[in-house]
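Chemist: Have a look at this one.
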Amino acid sequence: MLDRKNYFIREHVGMLKLHEAFDILDPETGDLIGTATEHASALKKMSKLFINKNFLPFHVDIADADGTTLLVIRRGFTFLRSKVEVLDAHGKLIGFFKQRLMTIGGKFGIYSAQEELVAELKGNLIGWDFKFVDKDGTELGLVTKKWAGAGKELFTSADNYMVSLSGDVDRLAVAPLLLGAAICIDLVLKEKG
């Protein structure tokens, strides 16, 4: 699953969601190729009713269609800016995202496990489209919001994202971070309350 060029991420619909869940689809066929599911204790789910979700920790497993965990995205408690880790199935750190303070549209620095800046994830003024660019300014990929219709958008908190890798990017190196970035955008920047 991690060697693809395009992914469609569909957030599960919910009026009052106490944990996050996403389907990862092949955008050409619509076939389910994976899932991303937040694991939350009963205490954390209850905390979401009283504490802003943006401050709470999260742990999300990204699995293939057979349910085999491929990646883990996690964050501890946060106050001003998030640091989100991306780990492989064995718990080895692949890289992490560090949220930048005071940005218009949202911005994350993407770092390797060795804490080297690899790329940046930059949002536009509206905040629904993000570019994944390396430190030389070369575009590695995009995360864009797909409109699901006024009824769904107005009455639920569900968002859908298209993840696309650019040209001849090393998919195995970049896809895990870009997939993690799409989930991170939703959990860190788009979830309110």
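Chain identifiers are assigned as A, B, and so on, following the order in which chains appear in the structure tokens; residues are numbered from 1 within each chain, and ligands are numbered from 1 in order of appearance.
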Using only C-alpha atoms, which protein or nucleic acid residues come within 6 Å of range 161-168 of chain A? Drop anything in the same chain fewer than 6 positions from it, and give the result as JSON, numbers by chain.

Modeler: {"A": [5, 6, 7, 8, 9, 140, 141, 142, 143, 144, 145, 146]}

Chemist: So, counting only C-alpha atoms, which residue among A:Arg75, A:Ala113, A:Asp88, A:Ala36 is closest to Phe55 in chain A?

Modeler: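 Ranking A:Arg75, A:Ala113, A:Asp88, A:Ala36 by distance to Phe55 in chain A, first place goes to A:Arg75.
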
Chemist: Considering only C-alpha atoms, return as a list in words whatever protein or nucleic-acid residues lie within 9 Å of Thr69 in chain A, sequence-local ones (same chain, fewer than 4 positions apart) excluded.

Modeler: Asp61, Ile62, Ala63, Asp64, Asp88 and Ala89 of chain A

Chemist: Just N, CA and C atoms for this one: save the residues we selected as an mmCIF file, in the first residue's frame.

Modeler:
```
data_model
loop_
_atom_site.group_PDB
_atom_site.id
_atom_site.type_symbol
_atom_site.label_atom_id
_atom_site.label_comp_id
_atom_site.auth_asym_id
_atom_site.auth_seq_id
_atom_site.Cartn_x
_atom_site.Cartn_y
_atom_site.Cartn_z
ATOM 1 N N ASP A 61 -3.334 4.162 14.085
ATOM 2 C CA ASP A 61 -2.707 3.089 13.311
ATOM 3 C C ASP A 61 -3.178 3.180 11.863
ATOM 4 N N ILE A 62 -2.232 3.161 10.926
ATOM 5 C CA ILE A 62 -2.559 3.065 9.504
ATOM 6 C C ILE A 62 -2.288 1.620 9.104
ATOM 7 N N ALA A 63 -3.329 0.955 8.619
ATOM 8 C CA ALA A 63 -3.241 -0.465 8.284
ATOM 9 C C ALA A 63 -3.628 -0.690 6.834
ATOM 10 N N ASP A 64 -3.167 -1.801 6.262
ATOM 11 C CA ASP A 64 -3.584 -2.156 4.911
ATOM 12 C C ASP A 64 -4.988 -2.758 4.959
ATOM 13 N N ASP A 88 7.208 3.198 11.997
ATOM 14 C CA ASP A 88 6.872 2.035 11.180
ATOM 15 C C ASP A 88 6.128 1.012 12.042
ATOM 16 N N ALA A 89 5.778 -0.123 11.464
ATOM 17 C CA ALA A 89 4.993 -1.142 12.161
ATOM 18 C C ALA A 89 5.714 -1.726 13.370
#
```

Chemist: For Leu172 in chain A, which residue among A:Phe22, A:Ile94, A:Thr138, A:Asn124 is the nearest when counting only C-alpha atoms?

Modeler: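 Once distances to Leu172 in chain A are computed over only C-alpha atoms, the minimum belongs to A:Ile94.
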
Chemist: Closest to Ala173 in chain A among A:Pro57, A:Val118, A:Trp128, A:His39, using only C-alpha atoms?

Modeler: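 Ranked by minimum distance to Ala173 in chain A, first place goes to A:Val118.
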
Chemist: So the first atom is CA of Asp186 in chain A and the second is CA of Asp159 in chain A; what is the distance between them in Å, to one decimal place?

Modeler: 7.7 Å

Chemist: From the options A:Val86, A:Leu56, A:His12, A:Asp23, which residue's atoms come nearest to Pro176 in chain A, counting only C-alpha atoms?

Modeler: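 With only C-alpha atoms as the atom set, the closest residue is A:Val86.
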
Chemist: Neighbours of Lys92 in chain A within 12 Å (only C-alpha atoms; same-chain residues fewer than 5 positions away dropped), as number ranges by chain?

Modeler: A: 70-73, 85-87, 112-114

Chemist: Could you save those same residues with all heavy atoms as a compact mmCIF listing (two decimals), in the first residue's frame?

Modeler:
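This is the output file out.txt:
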```
# COMPACT_ATOMS: atom_id res chain seq x y z
N LEU A 70 0.81 -0.78 9.27
CA LEU A 70 1.98 -0.38 8.49
C LEU A 70 2.69 0.82 9.11
O LEU A 70 3.91 0.92 9.05
CB LEU A 70 1.57 -0.02 7.06
CG LEU A 70 0.84 -1.11 6.28
CD1 LEU A 70 0.37 -0.56 4.94
CD2 LEU A 70 1.71 -2.33 6.10
N LEU A 71 1.91 1.75 9.66
CA LEU A 71 2.44 2.98 10.25
C LEU A 71 1.67 3.32 11.51
O LEU A 71 0.49 2.96 11.65
CB LEU A 71 2.29 4.16 9.29
CG LEU A 71 3.01 4.14 7.96
CD1 LEU A 71 2.55 5.31 7.10
CD2 LEU A 71 4.51 4.19 8.17
N VAL A 72 2.31 4.06 12.40
CA VAL A 72 1.66 4.60 13.59
C VAL A 72 1.96 6.09 13.62
O VAL A 72 3.09 6.51 13.39
CB VAL A 72 2.19 3.93 14.87
CG1 VAL A 72 1.63 4.61 16.11
CG2 VAL A 72 1.85 2.44 14.88
N ILE A 73 0.93 6.88 13.86
CA ILE A 73 1.08 8.33 14.01
C ILE A 73 0.67 8.65 15.44
O ILE A 73 -0.42 8.25 15.88
CB ILE A 73 0.17 9.09 13.03
CG1 ILE A 73 0.47 8.67 11.61
CG2 ILE A 73 0.32 10.59 13.20
CD1 ILE A 73 -0.57 9.11 10.64
N GLU A 85 4.80 12.20 15.71
CA GLU A 85 5.77 11.21 15.27
C GLU A 85 5.11 10.23 14.29
O GLU A 85 3.95 9.86 14.46
CB GLU A 85 6.32 10.43 16.45
CG GLU A 85 7.08 11.28 17.43
CD GLU A 85 7.58 10.50 18.63
OE1 GLU A 85 6.88 9.55 19.07
OE2 GLU A 85 8.66 10.85 19.13
N VAL A 86 5.88 9.80 13.29
CA VAL A 86 5.46 8.75 12.37
C VAL A 86 6.42 7.58 12.57
O VAL A 86 7.64 7.74 12.44
CB VAL A 86 5.49 9.22 10.90
CG1 VAL A 86 5.05 8.10 9.97
CG2 VAL A 86 4.63 10.45 10.71
N LEU A 87 5.86 6.41 12.93
CA LEU A 87 6.65 5.23 13.20
C LEU A 87 6.27 4.10 12.25
O LEU A 87 5.14 4.06 11.77
CB LEU A 87 6.42 4.76 14.65
CG LEU A 87 6.70 5.81 15.72
CD1 LEU A 87 5.40 6.25 16.34
CD2 LEU A 87 7.62 5.26 16.76
N SER A 112 13.49 14.08 9.59
CA SER A 112 13.87 12.67 9.57
C SER A 112 14.00 12.19 11.02
O SER A 112 13.99 13.00 11.95
CB SER A 112 15.21 12.49 8.85
OG SER A 112 16.25 13.06 9.63
N ALA A 113 14.19 10.91 11.18
CA ALA A 113 14.41 10.35 12.52
C ALA A 113 15.68 10.93 13.15
O ALA A 113 15.81 10.99 14.37
CB ALA A 113 14.50 8.83 12.45
N GLN A 114 16.62 11.40 12.30
CA GLN A 114 17.86 12.00 12.78
C GLN A 114 17.72 13.50 13.04
O GLN A 114 18.70 14.20 13.22
CB GLN A 114 18.99 11.76 11.77
CG GLN A 114 19.38 10.31 11.59
CD GLN A 114 18.36 9.52 10.77
OE1 GLN A 114 17.73 10.04 9.85
NE2 GLN A 114 18.21 8.25 11.11
```

Chemist: Nearest to Ala182 in chain A among A:Asp31, A:Asp129, A:Glu115, A:Asp66, with distances taken over only C-alpha atoms: which residue is it?

Modeler: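 Closest to Ala182 in chain A, using only C-alpha atoms: A:Asp129.
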